[in-house]
$ cat coords_39.txt   # compact mmCIF, C-alpha atoms
# COMPACT_ATOMS: atom_id res chain seq x y z
CA MET A 188 32.89 91.32 0.12
CA THR A 189 36.62 91.28 -0.59
CA SER A 190 37.44 88.45 1.82
CA GLY A 191 34.10 86.72 2.48
CA MET A 192 32.66 83.71 0.70
CA GLY A 193 29.53 85.52 -0.49
CA GLY A 194 26.85 83.77 1.55
CA MET A 195 23.87 82.59 -0.45
CA ARG A 196 25.22 84.27 -3.62
CA THR A 197 27.68 81.39 -3.64
CA SER A 198 28.16 78.71 -0.97
CA GLY A 199 29.21 80.69 2.11
CA ASP A 200 26.18 79.66 4.13
CA LEU A 201 26.92 75.98 3.45
CA VAL A 202 30.58 76.26 4.43
CA ALA A 203 29.56 78.22 7.54
CA ARG A 204 27.19 75.43 8.54
CA MET A 205 30.05 72.90 8.45
CA GLN A 206 32.12 75.14 10.73
CA MET A 207 29.15 75.56 13.03
CA THR A 208 27.92 71.96 13.21
CA LYS A 209 31.12 69.94 12.79
CA GLY A 210 33.76 72.41 13.96
CA MET A 211 35.57 72.15 10.63
CA LYS A 212 38.35 74.58 9.88
CA ILE A 213 37.94 76.56 6.66
CA LYS A 214 39.94 74.27 4.36
CA ALA A 215 38.21 71.10 5.54
CA ALA A 216 34.78 72.76 5.39
CA LYS A 217 35.33 74.00 1.83
CA LYS A 218 36.61 70.60 0.69
CA PHE A 219 33.64 68.85 2.26
CA VAL A 220 31.07 71.20 0.70
CA ALA A 221 32.76 71.12 -2.71
CA ALA A 222 32.62 67.30 -2.70
CA LYS A 223 28.94 67.33 -1.74
CA LEU A 224 28.16 69.83 -4.51
CA GLY A 225 30.38 68.11 -7.08
CA VAL A 226 32.39 71.27 -7.85
CA ALA A 227 36.02 72.34 -7.46
CA VAL A 228 36.92 74.25 -4.27
CA ASN A 229 37.65 77.38 -6.35
CA GLU A 230 34.14 77.26 -7.79
CA LEU A 231 32.55 77.54 -4.35
CA THR A 232 32.84 81.34 -4.51
CA ASP A 233 31.86 81.67 -8.16
CA ALA A 234 28.42 83.27 -8.21
CA ALA A 235 27.74 82.22 -11.81
CA VAL A 236 28.45 78.54 -11.14
CA MET A 237 26.80 78.47 -7.74
CA GLY A 238 23.70 80.43 -8.78
CA GLU A 239 22.59 77.75 -11.23
CA LEU A 240 23.69 74.89 -9.02
CA ARG A 241 21.76 76.23 -6.03
CA GLU A 242 18.64 76.47 -8.15
CA ASP A 243 19.08 72.89 -9.39
CA LEU A 244 19.65 71.59 -5.85
CA LYS A 245 16.72 73.66 -4.45
CA ILE A 246 18.89 75.08 -1.67
CA GLY A 247 17.85 78.72 -2.02
CA GLY A 248 19.35 81.66 -3.84
CA VAL A 249 19.38 85.43 -3.61
CA TYR A 250 16.66 85.75 -6.25
CA SER A 251 13.32 84.75 -4.91
CA SER A 252 12.22 83.02 -8.11
CA MET A 253 8.69 81.77 -8.61
CA GLY A 254 7.98 78.34 -7.17
CA SER A 255 11.51 77.83 -5.79
CA PRO A 256 12.00 76.56 -2.22
CA LYS A 257 12.54 79.40 0.22
CA GLY A 258 13.52 79.76 3.86
CA ILE A 259 12.93 76.60 5.81
CA GLU A 260 12.04 74.67 2.64
CA ALA A 261 15.52 75.33 1.24
CA LYS A 262 17.10 74.43 4.61
CA HIS A 263 15.40 71.03 4.40
CA HIS A 264 17.37 70.35 1.20
CA ILE A 265 20.58 71.77 2.72
CA ALA A 266 20.34 69.43 5.71
CA ASP A 267 19.89 66.46 3.34
CA LEU A 268 22.72 67.58 1.07
CA LEU A 269 25.26 68.13 3.84
CA GLY A 270 24.05 65.33 6.12
CA ILE A 271 23.63 67.66 9.09
CA GLU A 272 20.86 68.43 11.56
CA ILE A 273 19.53 72.00 11.57
CA ASN A 274 17.97 73.15 14.82
CA SER A 275 15.03 75.00 13.25
CA LEU A 276 14.17 71.99 11.07
CA LYS A 277 13.87 69.81 14.17
CA ARG A 278 11.49 72.37 15.61
CA PHE A 279 9.55 72.59 12.33
CA ARG A 280 9.09 68.80 12.21
CA HIS A 281 8.04 68.77 15.86
CA ASN A 282 5.45 71.50 15.32
CA THR A 283 4.00 69.98 12.15
CA ARG A 284 3.48 66.48 13.50
CA MET B 253 61.70 106.78 -2.99
CA ASN B 254 57.92 106.80 -3.56
CA LYS B 255 55.67 108.15 -0.89
CA ILE B 256 52.90 105.84 0.25
CA ILE B 257 49.54 107.04 1.47
CA THR B 258 48.57 105.13 4.56
CA ARG B 259 46.46 105.99 7.59
CA MET B 260 46.77 106.47 11.31
CA GLY B 261 44.81 104.38 13.80
CA ASP B 262 42.16 107.12 13.97
CA GLY B 263 41.56 106.79 10.22
CA PHE B 264 43.23 109.98 9.00
CA PRO B 265 45.54 109.66 5.97
CA VAL B 266 49.29 110.21 6.31
CA GLU B 267 52.21 110.02 3.93
CA SER B 268 54.88 107.48 4.68
CA SER B 269 58.10 106.40 3.01
CA GLU B 270 58.77 102.74 2.22
CA LYS B 271 61.40 102.71 4.95
CA GLU B 272 58.95 104.09 7.53
CA LEU B 273 56.31 101.56 6.48
CA ILE B 274 58.74 98.66 6.85
CA GLN B 275 59.77 99.96 10.27
CA ASP B 276 56.15 100.32 11.39
CA ILE B 277 55.42 96.71 10.42
CA GLU B 278 58.48 95.47 12.28
CA ASP B 279 57.67 97.54 15.38
CA GLY B 280 54.04 96.39 15.36
CA THR B 281 54.84 92.70 15.19
CA LEU B 282 57.55 93.04 17.86
CA ASP B 283 55.14 94.84 20.17
CA ALA B 284 52.67 91.94 20.00
CA ALA B 285 55.42 89.34 20.29
CA GLU B 286 56.88 90.94 23.43
CA ARG B 287 53.53 91.44 25.13
CA ALA B 288 52.16 87.92 24.54
CA LYS B 289 55.51 86.09 24.42
CA ILE B 290 54.76 84.73 20.95
CA PRO B 291 56.84 84.65 17.77
CA PRO B 292 56.90 87.79 15.63
CA LEU B 293 56.01 87.60 11.93
CA SER B 294 58.75 86.07 9.79
CA ASP B 295 60.69 88.18 7.27
CA ASP B 296 58.61 86.73 4.42
CA GLU B 297 55.37 87.50 6.24
CA GLN B 298 56.52 91.06 6.93
CA LYS B 299 57.43 91.47 3.25
CA HIS B 300 54.03 90.13 2.20
CA LEU B 301 52.34 92.54 4.59
CA PHE B 302 54.43 95.41 3.22
CA GLU B 303 53.31 94.59 -0.35
CA ILE B 304 49.68 94.60 0.80
CA CYS B 305 50.03 97.82 2.84
CA LYS B 306 51.71 99.82 0.09
CA SER B 307 48.88 99.20 -2.37
CA ALA B 308 47.44 102.38 -3.86
CA CYS B 309 44.24 100.60 -4.81
CA LYS B 310 40.95 101.77 -3.43
CA ILE B 311 39.98 98.18 -2.65
CA SER B 312 42.14 95.12 -1.94
CA GLY B 313 40.94 91.54 -1.83
CA VAL B 314 42.12 88.06 -1.02
CA GLU B 315 43.25 85.73 -3.80
CA LYS B 316 40.45 83.63 -5.28
CA GLY B 317 40.07 80.49 -3.23
CA CYS B 318 41.29 82.14 0.00
CA GLU B 319 37.89 83.54 1.02
CA VAL B 320 36.71 82.94 4.58
CA ILE B 321 33.42 82.90 6.47
CA MET B 322 31.90 86.15 7.70
CA SER B 323 30.07 86.15 11.02
CA TYR B 324 28.62 89.31 12.59
CA ASP B 325 28.09 90.80 16.01
CA GLY B 326 25.23 93.15 16.73
CA GLY B 327 23.85 92.07 13.36
CA THR B 328 20.36 93.51 13.34
CA ASN B 329 21.38 96.65 15.24
CA LYS B 330 23.59 98.08 12.56
CA VAL B 331 21.15 99.06 9.83
CA GLY B 332 18.90 100.80 12.35
CA ARG B 333 21.95 102.62 13.67
CA LEU B 334 22.26 104.27 10.25
CA GLY B 335 18.82 105.77 10.71
CA ILE B 336 17.22 103.37 8.22
CA ASN B 337 13.85 102.40 9.55
CA THR B 338 13.61 98.64 9.09
CA GLY B 339 12.33 95.73 11.13
CA ARG B 340 14.82 93.14 12.28
CA LEU B 341 13.51 90.43 9.95
CA GLN B 342 14.12 92.75 6.99
CA VAL B 343 17.63 93.46 8.25
CA LEU B 344 18.37 89.74 8.40
CA GLN B 345 17.18 89.44 4.79
CA LEU B 346 19.33 92.40 3.77
CA TYR B 347 22.39 90.69 5.25
CA GLU B 348 21.51 87.42 3.53
CA ARG B 349 20.41 88.67 0.13
CA CYS B 350 22.10 92.05 -0.37
CA PHE B 351 25.33 91.85 1.63
CA GLY B 352 26.17 88.20 0.84
CA ALA B 353 26.55 87.39 4.54
CA ASP B 354 27.61 83.83 5.29
CA THR B 355 25.88 83.94 8.68
CA THR B 356 23.52 86.45 10.29
CA GLU B 357 22.67 87.51 13.81
CA LEU B 358 19.43 88.53 15.49
CA SER B 359 20.13 90.94 18.32
CA ASP B 360 18.70 93.77 20.39
CA LEU B 361 19.66 97.43 20.60
CA ASP B 362 20.36 97.02 24.31
CA TYR B 363 22.92 94.34 23.52
CA SER B 364 23.32 92.69 26.95
CA PHE B 365 21.88 89.40 28.21
CA LYS B 366 20.62 91.08 31.38
CA GLN B 367 18.57 93.60 29.44
CA VAL B 368 17.14 91.18 26.88
CA LYS B 369 15.99 88.71 29.51
CA HIS B 370 12.99 90.97 30.19
CA ILE B 371 11.86 90.98 26.57
CA ILE B 372 12.52 87.35 25.73
CA ARG B 373 8.84 86.76 25.03
CA GLU B 374 9.08 89.34 22.22
CA ASN B 375 12.32 87.96 20.86
CA VAL B 376 11.50 84.25 20.76
CA PRO B 377 8.66 84.62 18.21
CA LEU B 378 10.98 86.80 16.12
CA MET B 379 13.65 84.09 16.04
CA GLU B 380 10.96 81.54 15.17
CA GLN B 381 9.83 83.67 12.24
CA ALA B 382 13.41 84.36 11.20
CA GLN B 383 14.07 80.64 11.00
CA LEU B 384 11.10 80.14 8.69
CA LEU B 385 12.29 83.00 6.49
CA MET B 386 16.06 82.61 6.36
CA VAL B 387 18.37 80.18 4.58
CA ALA B 388 21.67 81.46 6.01
CA PRO B 389 22.37 80.49 9.64
CA VAL B 390 20.90 82.85 12.24
CA PHE B 391 22.69 83.39 15.54
CA TYR B 392 21.26 85.17 18.56
CA GLY B 393 23.85 87.50 20.06
CA ALA B 394 24.36 89.63 23.16
CA MET B 395 27.07 90.62 25.66
CA PRO B 396 27.65 89.18 29.15
CA ASN B 397 28.33 92.73 30.39
CA ILE B 398 28.51 91.87 34.07
CA GLY B 399 29.04 95.50 35.01
CA LEU B 400 25.25 95.78 34.76
CA TYR B 401 24.88 93.53 37.82
CA THR B 402 26.54 96.05 40.11
CA GLN B 403 24.77 98.81 42.03
CA PRO B 404 23.04 101.11 41.20
CA ASP B 405 22.05 99.21 38.01
CA GLY B 406 22.13 95.74 39.54
CA PRO B 407 21.90 93.79 42.77
CA VAL B 408 25.52 93.40 43.92
CA PRO B 409 27.78 96.02 45.55
CA ASN B 410 29.88 97.97 43.06
CA PRO B 411 33.55 96.89 43.02
CA ALA B 412 34.49 100.24 41.48
CA GLU B 413 33.32 101.87 44.71
CA LEU B 414 34.76 99.20 47.02
CA LEU B 415 38.26 99.11 45.54
CA PRO B 416 39.14 102.78 46.23
CA GLN B 417 38.12 102.14 49.85
CA GLY B 418 40.65 99.31 50.03
CA LYS B 419 37.86 96.72 50.33
CA ILE B 420 39.51 94.22 48.01
CA LYS B 421 37.92 91.12 49.55
CA GLU B 422 34.45 92.70 49.35
CA ALA B 423 35.05 93.78 45.75
CA ARG B 424 36.03 90.25 44.79
CA GLU B 425 32.95 88.85 46.53
CA ALA B 426 30.82 91.34 44.61
CA TYR B 427 32.24 90.11 41.30
CA GLU B 428 31.59 86.51 42.34
CA GLY B 429 27.98 87.44 43.11
CA ALA B 430 27.64 89.18 39.75
CA ILE B 431 28.87 86.06 37.99
CA GLU B 432 26.05 83.97 39.49
CA HIS B 433 23.43 86.42 38.20
CA ALA B 434 25.06 86.75 34.79
CA VAL B 435 25.36 83.01 34.21
CA ARG B 436 21.70 82.54 35.09
CA ASP B 437 20.59 85.26 32.65
CA MET B 438 22.86 84.10 29.82
CA VAL B 439 21.69 80.51 30.12
CA TYR B 440 18.04 81.59 30.32
CA VAL B 441 18.21 83.76 27.20
CA ALA B 442 20.38 81.34 25.21
CA THR B 443 18.18 78.38 26.11
CA SER B 444 15.07 80.25 24.98
CA GLN B 445 16.70 81.09 21.66
CA CYS B 446 17.87 77.51 21.17
CA GLU B 447 14.28 76.36 21.72
CA ALA B 448 13.19 78.96 19.14
CA GLY B 449 15.41 77.33 16.53
CA ALA B 450 18.54 79.49 16.64
CA ASP B 451 21.49 78.06 14.75
CA GLY B 452 23.90 79.44 17.28
CA ILE B 453 24.48 81.76 20.21
CA ASN B 454 27.06 84.52 19.99
CA PHE B 455 28.53 85.67 23.29
CA ASP B 456 30.00 88.95 22.19
CA THR B 457 32.47 91.43 23.70
CA VAL B 458 33.44 88.88 26.33
CA GLY B 459 35.81 90.14 28.99
CA ALA B 460 34.66 93.75 28.69
CA SER B 461 34.37 93.75 32.49
CA GLY B 462 37.57 91.77 32.89
CA ASP B 463 38.22 88.28 34.22
CA PRO B 464 34.81 87.92 35.98
CA ASP B 465 33.10 88.63 32.64
CA PHE B 466 35.16 85.91 30.91
CA LYS B 467 34.57 83.48 33.78
CA ALA B 468 30.79 84.02 33.67
CA THR B 469 30.75 83.36 29.94
CA LEU B 470 32.78 80.16 30.25
CA LEU B 471 30.39 78.87 32.92
CA ALA B 472 27.36 79.80 30.79
CA VAL B 473 28.83 78.06 27.73
CA GLU B 474 29.53 74.89 29.72
CA THR B 475 25.96 74.81 31.03
CA LEU B 476 24.45 75.55 27.63
CA LYS B 477 26.51 72.90 25.83
CA LYS B 478 25.47 70.25 28.36
CA GLN B 479 21.85 71.00 27.55
CA TYR B 480 22.30 71.65 23.79
CA PRO B 481 25.46 69.87 22.65
CA ASP B 482 24.67 70.48 18.96
CA ILE B 483 24.12 74.23 19.18
CA CYS B 484 26.96 76.38 17.83
CA VAL B 485 28.50 78.72 20.39
CA GLU B 486 30.62 81.62 19.21
CA VAL B 487 32.61 83.70 21.68
CA GLY B 488 34.00 87.04 20.57
CA MET B 489 36.35 88.82 22.92
CA ALA B 490 36.38 92.48 24.00
CA GLY B 491 40.12 92.99 23.84
CA GLU B 492 43.47 91.34 23.30
CA PHE B 493 44.18 90.96 27.01
CA VAL B 494 41.85 89.79 29.81
CA LEU B 495 41.82 92.56 32.40
CA GLY B 496 42.34 91.45 35.99
CA MET B 497 39.41 93.25 37.58
CA HIS B 498 39.19 90.43 40.15
CA GLY B 499 42.74 89.27 39.64
CA GLU B 500 42.56 85.82 41.18
CA MET B 501 39.78 84.34 39.13
CA THR B 502 40.61 80.95 37.60
CA HIS B 503 38.89 78.45 35.34
CA ASN B 504 39.97 74.79 35.44
CA GLY B 505 43.07 75.92 37.31
CA VAL B 506 44.05 78.61 34.78
CA ARG B 507 44.25 82.22 35.97
CA LEU B 508 42.16 84.29 33.58
CA ALA B 509 43.68 87.72 34.17
CA GLY B 510 46.36 88.52 31.63
CA LEU B 511 45.51 85.85 29.08
CA TYR B 512 46.27 86.74 25.47
CA PRO B 513 44.32 85.30 22.50
CA HIS B 514 46.46 82.17 21.98
CA LYS B 515 45.67 81.16 25.58
CA GLN B 516 42.10 82.52 25.62
CA VAL B 517 41.17 80.20 22.74
CA LYS B 518 42.39 77.10 24.56
CA ILE B 519 40.28 77.73 27.62
CA ALA B 520 37.31 78.67 25.41
CA GLN B 521 37.46 75.50 23.33
CA ASP B 522 37.75 73.38 26.48
CA ALA B 523 34.53 75.01 27.73
CA GLY B 524 32.72 73.95 24.54
CA VAL B 525 33.05 77.05 22.37
CA ASP B 526 32.76 76.18 18.64
CA ILE B 527 34.01 79.43 17.07
CA PHE B 528 36.41 81.85 18.77
CA GLY B 529 36.85 85.52 17.95
CA PRO B 530 40.03 87.21 19.15
CA ALA B 531 39.79 91.01 19.40
CA ILE B 532 42.99 93.02 19.02
CA ASN B 533 42.65 96.65 20.01
CA THR B 534 43.72 99.44 17.67
CA VAL B 535 46.11 102.08 18.99
CA SER B 536 44.82 105.26 17.38
CA SER B 537 48.11 107.16 17.70
CA ARG B 538 50.06 104.54 15.69
CA SER B 539 49.82 103.87 11.96
CA ILE B 540 47.51 101.29 10.40
CA PRO B 541 50.46 99.15 9.14
CA TRP B 542 51.77 99.08 12.76
CA ASN B 543 48.32 98.11 14.04
CA VAL B 544 47.71 95.50 11.33
CA ALA B 545 51.12 93.88 11.89
CA ARG B 546 50.36 93.74 15.60
CA ALA B 547 46.85 92.31 15.10
CA ILE B 548 48.13 89.69 12.68
CA THR B 549 50.85 88.57 15.09
CA PHE B 550 48.38 88.02 17.96
CA THR B 551 45.83 86.38 15.65
CA LYS B 552 48.33 84.07 13.95
CA ALA B 553 49.39 82.66 17.33
CA CYS B 554 45.72 82.21 18.22
CA VAL B 555 44.95 80.34 14.96
CA GLU B 556 47.96 78.07 15.50
CA ALA B 557 46.82 77.23 19.05
CA ALA B 558 43.17 76.68 18.10
CA GLU B 559 41.51 73.37 17.38
CA ILE B 560 38.26 75.19 16.55
CA PRO B 561 37.53 77.74 13.79
CA VAL B 562 38.80 81.25 14.54
CA HIS B 563 36.86 84.32 13.32
CA ALA B 564 38.93 87.40 14.14
CA ASN B 565 37.06 90.54 15.15
CA MET B 566 37.57 93.29 12.56
CA GLY B 567 35.67 96.50 12.90
CA MET B 568 35.79 99.98 14.30
CA GLY B 569 38.85 99.97 16.57
CA VAL B 570 39.71 96.27 16.48
CA GLY B 571 41.68 93.97 14.18
CA GLY B 572 43.96 96.75 12.96
CA LEU B 573 41.07 98.87 11.64
CA PRO B 574 40.80 102.56 12.46
CA LEU B 575 39.00 103.74 15.56
CA CYS B 576 36.35 105.75 13.72
CA THR B 577 32.69 105.29 12.87
CA THR B 578 33.14 105.09 9.10
CA PRO B 579 36.32 103.08 8.51
CA PRO B 580 37.71 103.84 5.02
CA ILE B 581 37.17 100.93 2.64
CA ASP B 582 40.80 100.96 1.43
CA THR B 583 41.94 100.18 4.96
CA VAL B 584 39.15 97.71 5.77
CA SER B 585 39.79 95.67 2.63
CA MET B 586 43.59 95.90 2.94
CA ALA B 587 43.57 94.78 6.57
CA SER B 588 41.15 91.92 5.94
CA LYS B 589 43.23 90.67 2.99
CA ALA B 590 46.37 90.81 5.13
CA ILE B 591 44.92 89.02 8.14
CA VAL B 592 43.31 86.28 6.04
CA GLU B 593 46.34 85.61 3.85
CA ILE B 594 48.93 85.67 6.62
CA THR B 595 47.14 84.01 9.54
CA ARG B 596 45.09 81.47 7.53
CA LEU B 597 42.19 81.94 9.89
CA ASP B 598 38.70 80.58 9.28
CA GLY B 599 36.55 83.69 9.28
CA LEU B 600 36.11 87.30 10.23

$ encode --input "coords_39.txt" --output "structure tokens"
Amino acid sequence: MTSGMGGMRTSGDLVARMQMTKGMKIKAAKKFVAAKLGVAVNELTDAAVMGELREDLKIGGVYSSMGSPKGIEAKHHIADLLGIEINSLKRFRHNTR
Amino acid sequence: MNKIITRMGDGFPVESSEKELIQDIEDGTLDAAERAKIPPLSDDEQKHLFEICKSACKISGVEKGCEVIMSYDGGTNKVGRLGINTGRLQVLQLYERCFGADTTELSDLDYSFKQVKHIIRENVPLMEQAQLLMVAPVFYGAMPNIGLYTQPDGPVPNPAELLPQGKIKEAREAYEGAIEHAVRDMVYVATSQCEAGADGINFDTVGASGDPDFKATLLAVETLKKQYPDICVEVGMAGEFVLGMHGEMTHNGVRLAGLYPHKQVKIAQDAGVDIFGPAINTVSSRSIPWNVARAITFTKACVEAAEIPVHANMGMGVGGLPLCTTPPIDTVSMASKAIVEITRLDGL
């Protein structure tokens, strides 16, 4: 909690995905995600800013609010937002053809 | 001069003077530098570490904007280990929604690829369900643990029995046989989890059985990445130094025995590893500032050599943290702040 990005409370899962899919180092990954979200790099770990933004972008949040995209639905929006492929989404599309 | 409360490597608190603390930091960084033939921390870095270590705060934290990614080994084992009766899907959700985890990991209590091969048909549907449920990335993780392939637990003769008899050639052949079995199991399990939708595979505690263990993992990673070039592979090491259990084992012409993290990461990234986790062992009889200085020195050299993200192992007995089951939060947060701010790594 004292050194981590905060996961889905903020944008940690998004930055992690850029490390995982594109091999980006932390600075490059944060810069990339901040640009995609239209926020400053320092705002990436601000739970107040990111909480509302995540809801607007339908990319999932820690509160499971009524009608909001969850799980794989939210990952669909994350893949679009970041321009990345997510393995489980490929499988989901394959199985729902 | 003010007394500072710090801790020993076993977690117990001790009083230290400023002079002793400064000396411990210097000794710790020099120990790492001499062992791995890498530069020690600069004077400014040692001063910064001193300021962090002397804090009397219960919790320390990195400056805003310096936060890094958290990845986990043995992810779904750890809540159950506390005696809390939860299913693994609930544990993944706890990590994601309660702990603010940046990534999560599905894993088994018997955390070795050999053991989980038998229950893959139970684990694949769980990963499939996890992927429907989770937003944060979900790794599957296990250990190569090639010791399990030796008799009486496994099929190959036991090098630990052959070596005392002077049967060095036979012991080496046994390790080479174990590697073949281990690679096959690791690729089988990892492939199944990739097909189930895993975001990544975590090969954890690599090198626990020495250079054959590291070699088997490198071969498994190469095979897996040929088949699934887009899957994320994380390799977390068992210790700061690859033990020469075989002694002559090489990979792409590089002798594996004796490699320190700044050389381990190069061979790992060439094999296709996407995230590398150096593990620096804690010496329980030395102070935490000594251990943290030492861990930071090894890790900094590793980060500088790496072209891929580096997530240093920090936990019970590694990364400068105490060798105890409930590491005190003052030390955990202090050490993580120090390693992040000084090494500029990418995650923990």

$ residues_around --input "coords_39.txt" --residues "segment 292-302 of chain B" --least-positions-apart "4" --cutoff "8 Å" --atoms "all atoms listed in the file" --output "PyMOL selection string"
chain B and resi 273-274+277-278+281-282+284-285+306+545+549+590+594

$ closest_residue --input "coords_39.txt" --among "A:Val236, A:Ile213, A:Met205, A:Ala266" --to "chain B" --atoms "all atoms listed in the file"
A:Ile213

$ residues_around --input "coords_39.txt" --residues "segment 386-402 of chain B" --least-positions-apart "6" --cutoff "6 Å" --atoms "only C-alpha atoms" --output "MDAnalysis selection string"
(chainID A and resid 200 258 262) or (chainID B and resid 355:359 363:365 408:410 430 450:457 465)

$ residues_around --input "coords_39.txt" --residues "Leu385 of chain B" --least-positions-apart "3" --cutoff "12 Å" --atoms "only C-alpha atoms" --output "PDB file with C-alpha atoms, in the coordinates of the input"
ATOM      1  CA  GLY A 247      17.850  78.720  -2.020  1.00  0.00           C
ATOM      2  CA  SER A 251      13.320  84.750  -4.910  1.00  0.00           C
ATOM      3  CA  PRO A 256      12.000  76.560  -2.220  1.00  0.00           C
ATOM      4  CA  LYS A 257      12.540  79.400   0.220  1.00  0.00           C
ATOM      5  CA  GLY A 258      13.520  79.760   3.860  1.00  0.00           C
ATOM      6  CA  ILE A 259      12.930  76.600   5.810  1.00  0.00           C
ATOM      7  CA  GLU A 260      12.040  74.670   2.640  1.00  0.00           C
ATOM      8  CA  ALA A 261      15.520  75.330   1.240  1.00  0.00           C
ATOM      9  CA  LYS A 262      17.100  74.430   4.610  1.00  0.00           C
ATOM     10  CA  SER A 275      15.030  75.000  13.250  1.00  0.00           C
TER      11      SER A 275
ATOM     12  CA  ARG B 340      14.820  93.140  12.280  1.00  0.00           C
ATOM     13  CA  LEU B 341      13.510  90.430   9.950  1.00  0.00           C
ATOM     14  CA  GLN B 342      14.120  92.750   6.990  1.00  0.00           C
ATOM     15  CA  VAL B 343      17.630  93.460   8.250  1.00  0.00           C
ATOM     16  CA  LEU B 344      18.370  89.740   8.400  1.00  0.00           C
ATOM     17  CA  GLN B 345      17.180  89.440   4.790  1.00  0.00           C
ATOM     18  CA  GLU B 348      21.510  87.420   3.530  1.00  0.00           C
ATOM     19  CA  ARG B 349      20.410  88.670   0.130  1.00  0.00           C
ATOM     20  CA  LEU B 378      10.980  86.800  16.120  1.00  0.00           C
ATOM     21  CA  MET B 379      13.650  84.090  16.040  1.00  0.00           C
ATOM     22  CA  GLU B 380      10.960  81.540  15.170  1.00  0.00           C
ATOM     23  CA  GLN B 381       9.830  83.670  12.240  1.00  0.00           C
ATOM     24  CA  ALA B 382      13.410  84.360  11.200  1.00  0.00           C
ATOM     25  CA  ALA B 388      21.670  81.460   6.010  1.00  0.00           C
ATOM     26  CA  PRO B 389      22.370  80.490   9.640  1.00  0.00           C
ATOM     27  CA  VAL B 390      20.900  82.850  12.240  1.00  0.00           C
ATOM     28  CA  GLY B 449      15.410  77.330  16.530  1.00  0.00           C
TER      29      GLY B 449
END

$ closest_residue --input "coords_39.txt" --among "A:His281, A:Lys223, A:Arg196, A:Lys218" --to "chain B" --atoms "all atoms listed in the file"
A:Arg196

$ residues_around --input "coords_39.txt" --residues "Asp233 of chain A" --least-positions-apart "5" --cutoff "9 Å" --atoms "only C-alpha atoms" --output "list in words"
Gly193, Arg196, Thr197, Ser198 and Gly238 of chain A

$ atom_distance --input "coords_39.txt" --atom1 "atom CA of Lys271 of chain B" --atom2 "atom CA of Glu593 of chain B"
22.8 Å

$ interface_residues --input "coords_39.txt" --of "chain B" --to "chain A" --cutoff "6 Å" --atoms "only C-alpha atoms" --output "ChimeraX atom specification"
/B:313-314,317,319-322,349,352-354,384-388,449,484,560-561,598

$ write_last_selection --input "coords_39.txt" --atoms "C-alpha atoms" --output "mmCIF file, in the coordinates of the input"
data_model
loop_
_atom_site.group_PDB
_atom_site.id
_atom_site.type_symbol
_atom_site.label_atom_id
_atom_site.label_comp_id
_atom_site.auth_asym_id
_atom_site.auth_seq_id
_atom_site.Cartn_x
_atom_site.Cartn_y
_atom_site.Cartn_z
ATOM 1 C CA GLY B 313 40.940 91.540 -1.830
ATOM 2 C CA VAL B 314 42.120 88.060 -1.020
ATOM 3 C CA GLY B 317 40.070 80.490 -3.230
ATOM 4 C CA GLU B 319 37.890 83.540 1.020
ATOM 5 C CA VAL B 320 36.710 82.940 4.580
ATOM 6 C CA ILE B 321 33.420 82.900 6.470
ATOM 7 C CA MET B 322 31.900 86.150 7.700
ATOM 8 C CA ARG B 349 20.410 88.670 0.130
ATOM 9 C CA GLY B 352 26.170 88.200 0.840
ATOM 10 C CA ALA B 353 26.550 87.390 4.540
ATOM 11 C CA ASP B 354 27.610 83.830 5.290
ATOM 12 C CA LEU B 384 11.100 80.140 8.690
ATOM 13 C CA LEU B 385 12.290 83.000 6.490
ATOM 14 C CA MET B 386 16.060 82.610 6.360
ATOM 15 C CA VAL B 387 18.370 80.180 4.580
ATOM 16 C CA ALA B 388 21.670 81.460 6.010
ATOM 17 C CA GLY B 449 15.410 77.330 16.530
ATOM 18 C CA CYS B 484 26.960 76.380 17.830
ATOM 19 C CA ILE B 560 38.260 75.190 16.550
ATOM 20 C CA PRO B 561 37.530 77.740 13.790
ATOM 21 C CA ASP B 598 38.700 80.580 9.280
#

$ axis_aligned_box --input "coords_39.txt" --around "segment 343-349 of chain B" --padding-each-side "3 Å" --output "AutoDock Vina command-line options"
--center_x 19.8 --center_y 90.4 --center_z 4.3 --size_x 11.2 --size_y 12.0 --size_z 14.3

$ atom_distance --input "coords_39.txt" --atom1 "atom CA of Phe528 of chain B" --atom2 "atom CA of Thr328 of chain B"
20.6 Å

$ residues_around --input "coords_39.txt" --residues "Ala423 of chain B" --least-positions-apart "4" --cutoff "7 Å" --atoms "all atoms listed in the file" --output "list in words"
Pro411, Leu414, Leu415, Lys419 and Tyr427 of chain B

$ atom_distance --input "coords_39.txt" --atom1 "atom CA of Thr534 of chain B" --atom2 "atom CA of Ile519 of chain B"
24.1 Å

$ closest_residue --input "coords_39.txt" --among "B:Ala426, B:Ala288, B:Ile256, B:Val473" --to "Tyr512 of chain B" --atoms "all atoms listed in the file"
B:Ala288

$ closest_residue --input "coords_39.txt" --among "B:Ala468, B:Val544, B:Leu346, B:Met501" --to "Val592 of chain B" --atoms "all atoms listed in the file"
B:Val544

$ decode --input "coords_39.txt" --residues "segment 468-478 of chain B" --atoms "C-alpha atoms" --output "tab-separated table (two decimals), in the first residue's frame"
chain	number	residue	atom	x	y	z
B	468	ALA	CA	14.98	-25.97	-16.86
B	469	THR	CA	13.06	-22.73	-16.42
B	470	LEU	CA	14.92	-20.98	-19.23
B	471	LEU	CA	14.17	-23.88	-21.58
B	472	ALA	CA	10.50	-23.92	-20.54
B	473	VAL	CA	10.21	-20.15	-21.08
B	474	GLU	CA	11.76	-20.41	-24.55
B	475	THR	CA	9.33	-23.17	-25.53
B	476	LEU	CA	6.33	-21.36	-24.09
B	477	LYS	CA	7.16	-18.05	-25.77
B	478	LYS	CA	7.49	-19.75	-29.16
